[in-house]
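One structure is given here, and the rest of the page talks about it.
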Amino acid sequence: MGNDIIANMITAIRNANLGRAETVEVPATNPTRNIAKILLREGFIESFSEHEENKNSFLIFILKYRGKKRKPYITTLRRISKPGLRIYPNYQEIPRVLGGTGIVTLPTSQGIITDREARQKQVGGEILCYVW
């Protein structure tokens with residue numbers, strides 16, 4: 001694991017989904033809290049809470065599954081803009097994931113928001129990840 005906290009969070013959630021785990025624990029930072037709020041609001045996770053242990057804060061995600069086979073709500077979670085290659089579209093160039101079914105998370109001057117909110121507010125930003 002490197003210094004990219006968002007990529008670490010995405011990888012932890014992706015691995016937990018593959019293993020059908022109930023919870024995931026990731027370090028709590030402002031970007032991870034904001035992405036967690038978006039995932040909760042869009043219905044991709046059940047809930048999340050913050051836990052502090054020995055002066056270290058962690059976010060605990062409760063993942064969401066459906067059906068008897070426990071199919072995860074998050075089918076794909078992909079990091080797009082990386083520390084080595086940043087991608088900054090304006091609001092007109094923000095891609096639609098699966099025709100609007102998925103979401104794109106973007107840090108903008110108005111905070112971390114989804115692609116729909118960015119188009120509505122007409123702000124661009126860096127593409128963090130795709131979720132569907």
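Just remember, in the structure tokens the first chain shown is A, the second B, etc., residues are 1-based per chain, and ligands are 1-based in the order shown.
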
Could you give me, as a PyMOL selection string, each residue of chain A that DSSP assigns to helix (DSSP H, G or I) when run on this structure's backbone? chain A and resi 5-18+30-41+97-100+115-121

Could those residues be written to a file, using N, CA, C and O atoms, as a compact mmCIF listing (two decimals), in the first residue's frame?
```
# COMPACT_ATOMS: atom_id res chain seq x y z
N ILE A 5 -4.42 7.27 -0.45
CA ILE A 5 -5.44 6.79 0.49
C ILE A 5 -6.74 6.43 -0.20
O ILE A 5 -7.45 5.52 0.24
N ILE A 6 -7.05 7.12 -1.29
CA ILE A 6 -8.30 6.82 -2.00
C ILE A 6 -8.18 5.47 -2.70
O ILE A 6 -9.12 4.66 -2.66
N ALA A 7 -7.05 5.20 -3.32
CA ALA A 7 -6.85 3.90 -3.96
C ALA A 7 -6.86 2.78 -2.92
O ALA A 7 -7.39 1.69 -3.17
N ASN A 8 -6.30 3.02 -1.74
CA ASN A 8 -6.32 2.02 -0.67
C ASN A 8 -7.76 1.74 -0.23
O ASN A 8 -8.13 0.60 0.01
N MET A 9 -8.57 2.80 -0.10
CA MET A 9 -9.97 2.62 0.29
C MET A 9 -10.73 1.83 -0.77
O MET A 9 -11.47 0.90 -0.45
N ILE A 10 -10.53 2.17 -2.03
CA ILE A 10 -11.22 1.49 -3.12
C ILE A 10 -10.83 0.01 -3.16
O ILE A 10 -11.68 -0.86 -3.32
N THR A 11 -9.54 -0.27 -2.99
CA THR A 11 -9.07 -1.65 -3.00
C THR A 11 -9.64 -2.44 -1.83
O THR A 11 -10.05 -3.59 -1.99
N ALA A 12 -9.71 -1.82 -0.65
CA ALA A 12 -10.27 -2.51 0.52
C ALA A 12 -11.74 -2.85 0.30
O ALA A 12 -12.18 -3.97 0.62
N ILE A 13 -12.52 -1.91 -0.25
CA ILE A 13 -13.93 -2.17 -0.51
C ILE A 13 -14.10 -3.24 -1.58
O ILE A 13 -14.93 -4.15 -1.45
N ARG A 14 -13.30 -3.16 -2.64
CA ARG A 14 -13.38 -4.14 -3.72
C ARG A 14 -13.06 -5.55 -3.22
O ARG A 14 -13.76 -6.52 -3.52
N ASN A 15 -12.01 -5.67 -2.40
CA ASN A 15 -11.63 -6.98 -1.86
C ASN A 15 -12.68 -7.52 -0.91
O ASN A 15 -12.96 -8.72 -0.89
N ALA A 16 -13.28 -6.65 -0.11
CA ALA A 16 -14.33 -7.09 0.81
C ALA A 16 -15.56 -7.56 0.05
O ALA A 16 -16.21 -8.53 0.44
N ASN A 17 -15.88 -6.88 -1.04
CA ASN A 17 -17.01 -7.31 -1.88
C ASN A 17 -16.77 -8.68 -2.47
O ASN A 17 -17.67 -9.50 -2.54
N LEU A 18 -15.54 -8.92 -2.94
CA LEU A 18 -15.21 -10.23 -3.52
C LEU A 18 -15.31 -11.34 -2.48
O LEU A 18 -15.71 -12.45 -2.80
N ASN A 30 -10.47 13.29 5.46
CA ASN A 30 -11.56 14.06 4.87
C ASN A 30 -12.01 13.51 3.52
O ASN A 30 -13.21 13.39 3.29
N PRO A 31 -11.10 13.16 2.59
CA PRO A 31 -11.58 12.60 1.33
C PRO A 31 -12.31 11.27 1.49
O PRO A 31 -13.34 11.06 0.85
N THR A 32 -11.84 10.39 2.37
CA THR A 32 -12.52 9.11 2.53
C THR A 32 -13.89 9.30 3.19
O THR A 32 -14.84 8.60 2.85
N ARG A 33 -14.01 10.25 4.11
CA ARG A 33 -15.31 10.55 4.72
C ARG A 33 -16.29 11.05 3.67
O ARG A 33 -17.46 10.64 3.64
N ASN A 34 -15.83 11.96 2.81
CA ASN A 34 -16.71 12.52 1.78
C ASN A 34 -17.13 11.48 0.76
O ASN A 34 -18.29 11.45 0.33
N ILE A 35 -16.22 10.61 0.36
CA ILE A 35 -16.57 9.54 -0.58
C ILE A 35 -17.55 8.57 0.09
O ILE A 35 -18.49 8.10 -0.54
N ALA A 36 -17.35 8.29 1.37
CA ALA A 36 -18.27 7.42 2.11
C ALA A 36 -19.67 8.01 2.15
O ALA A 36 -20.67 7.30 1.99
N LYS A 37 -19.77 9.33 2.33
CA LYS A 37 -21.08 9.99 2.34
C LYS A 37 -21.77 9.85 0.99
O LYS A 37 -22.98 9.62 0.91
N ILE A 38 -20.99 9.97 -0.09
CA ILE A 38 -21.55 9.81 -1.43
C ILE A 38 -22.02 8.38 -1.65
O ILE A 38 -23.12 8.15 -2.15
N LEU A 39 -21.21 7.40 -1.26
CA LEU A 39 -21.59 6.00 -1.44
C LEU A 39 -22.85 5.67 -0.64
O LEU A 39 -23.72 4.93 -1.11
N LEU A 40 -22.98 6.23 0.54
CA LEU A 40 -24.17 6.02 1.37
C LEU A 40 -25.39 6.69 0.73
O LEU A 40 -26.46 6.08 0.61
N ARG A 41 -25.23 7.92 0.30
CA ARG A 41 -26.34 8.67 -0.30
C ARG A 41 -26.84 8.01 -1.59
O ARG A 41 -28.03 7.99 -1.86
N VAL A 97 -21.24 7.13 -16.59
CA VAL A 97 -20.90 5.73 -16.36
C VAL A 97 -22.16 4.89 -16.55
O VAL A 97 -23.17 5.13 -15.89
N LEU A 98 -22.09 3.93 -17.45
CA LEU A 98 -23.21 3.05 -17.79
C LEU A 98 -24.48 3.83 -18.11
O LEU A 98 -25.57 3.49 -17.65
N GLY A 99 -24.34 4.90 -18.85
CA GLY A 99 -25.49 5.70 -19.25
C GLY A 99 -26.17 6.42 -18.11
O GLY A 99 -27.36 6.70 -18.17
N GLY A 100 -25.46 6.67 -17.03
CA GLY A 100 -26.03 7.37 -15.88
C GLY A 100 -26.40 6.45 -14.72
O GLY A 100 -26.81 6.91 -13.67
N ASP A 115 -21.06 13.13 -10.45
CA ASP A 115 -21.08 13.71 -11.80
C ASP A 115 -22.38 14.46 -12.08
O ASP A 115 -22.38 15.52 -12.71
N ARG A 116 -23.50 13.96 -11.57
CA ARG A 116 -24.79 14.64 -11.79
C ARG A 116 -24.80 16.02 -11.12
O ARG A 116 -25.25 17.00 -11.71
N GLU A 117 -24.29 16.07 -9.89
CA GLU A 117 -24.25 17.35 -9.18
C GLU A 117 -23.29 18.32 -9.87
O GLU A 117 -23.56 19.51 -9.94
N ALA A 118 -22.17 17.80 -10.39
CA ALA A 118 -21.19 18.66 -11.07
C ALA A 118 -21.78 19.26 -12.34
O ALA A 118 -21.57 20.44 -12.63
N ARG A 119 -22.53 18.45 -13.10
CA ARG A 119 -23.16 18.98 -14.30
C ARG A 119 -24.23 20.02 -13.95
O ARG A 119 -24.38 21.03 -14.63
N GLN A 120 -24.97 19.75 -12.87
CA GLN A 120 -26.02 20.67 -12.45
C GLN A 120 -25.43 22.01 -11.98
O GLN A 120 -25.94 23.07 -12.33
N LYS A 121 -24.32 21.95 -11.23
CA LYS A 121 -23.68 23.16 -10.72
C LYS A 121 -22.71 23.78 -11.73
O LYS A 121 -22.15 24.83 -11.49
```

Neighbours of stretch 53-64 of chain A within 10 Å (only C-alpha atoms; same-chain residues fewer than 4 positions away dropped), as a VMD selection string? chain A and resid 9 13 16 to 17 20 to 29 32 to 33 36 39 to 40 43 to 49 70 to 74

If you measure from atom CA of A:Arg79 to atom CA of A:His51, what distance in Å do you get, rounded to one decimal?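 Between atom CA of A:Arg79 and atom CA of A:His51 the gap is 25.1 Å.
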
Based on the backbone DSSP call, show me all residues of stretch 20-130 of chain A assigned strand (DSSP E or B), as a PyMOL selection string. chain A and resi 23-27+45-53+56-63+65-66+71-72+77-79+82+85+103-108+111-114+129-130

So which residues touch A:Thr76 within 9 Å, counting only C-alpha atoms, skipping near sequence neighbours fewer than 4 positions away, as a PDB file with N, CA and C atoms, in the first residue's frame?
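Printed below is result-v7.pdb as written:
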```
ATOM      1  N   ARG A  14     -13.302  -3.160  -2.644  1.00  0.00           N
ATOM      2  CA  ARG A  14     -13.382  -4.139  -3.723  1.00  0.00           C
ATOM      3  C   ARG A  14     -13.057  -5.548  -3.216  1.00  0.00           C
ATOM      4  N   TYR A 130     -14.904   5.683 -10.560  1.00  0.00           N
ATOM      5  CA  TYR A 130     -16.187   5.272 -11.098  1.00  0.00           C
ATOM      6  C   TYR A 130     -16.758   4.216 -10.174  1.00  0.00           C
ATOM      7  N   VAL A 131     -18.061   4.280  -9.936  1.00  0.00           N
ATOM      8  CA  VAL A 131     -18.743   3.284  -9.124  1.00  0.00           C
ATOM      9  C   VAL A 131     -19.996   2.848  -9.855  1.00  0.00           C
ATOM     10  N   TRP A 132     -20.173   1.527  -9.979  1.00  0.00           N
ATOM     11  CA  TRP A 132     -21.435   1.007 -10.481  1.00  0.00           C
ATOM     12  C   TRP A 132     -21.618  -0.398  -9.996  1.00  0.00           C
TER      13      TRP A 132
END
```

With distances taken over only C-alpha atoms, which of A:Gly19, A:Gly102, A:Glu126, A:Lys69 is nearest to A:Leu85?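 Among the listed residues, the smallest separation from A:Leu85 belongs to A:Glu126.
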
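Here atom CA of A:Thr114 and atom CA of A:Cys129 stand 10.0 Å from one another.
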
Counting only C-alpha atoms, figure out which residue out of A:Gly84, A:Lys68, A:Ile127, A:Thr75 gets nearest to A:Thr101.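 When distances to A:Thr101 are compared using only C-alpha atoms, the smallest one comes from A:Thr75.
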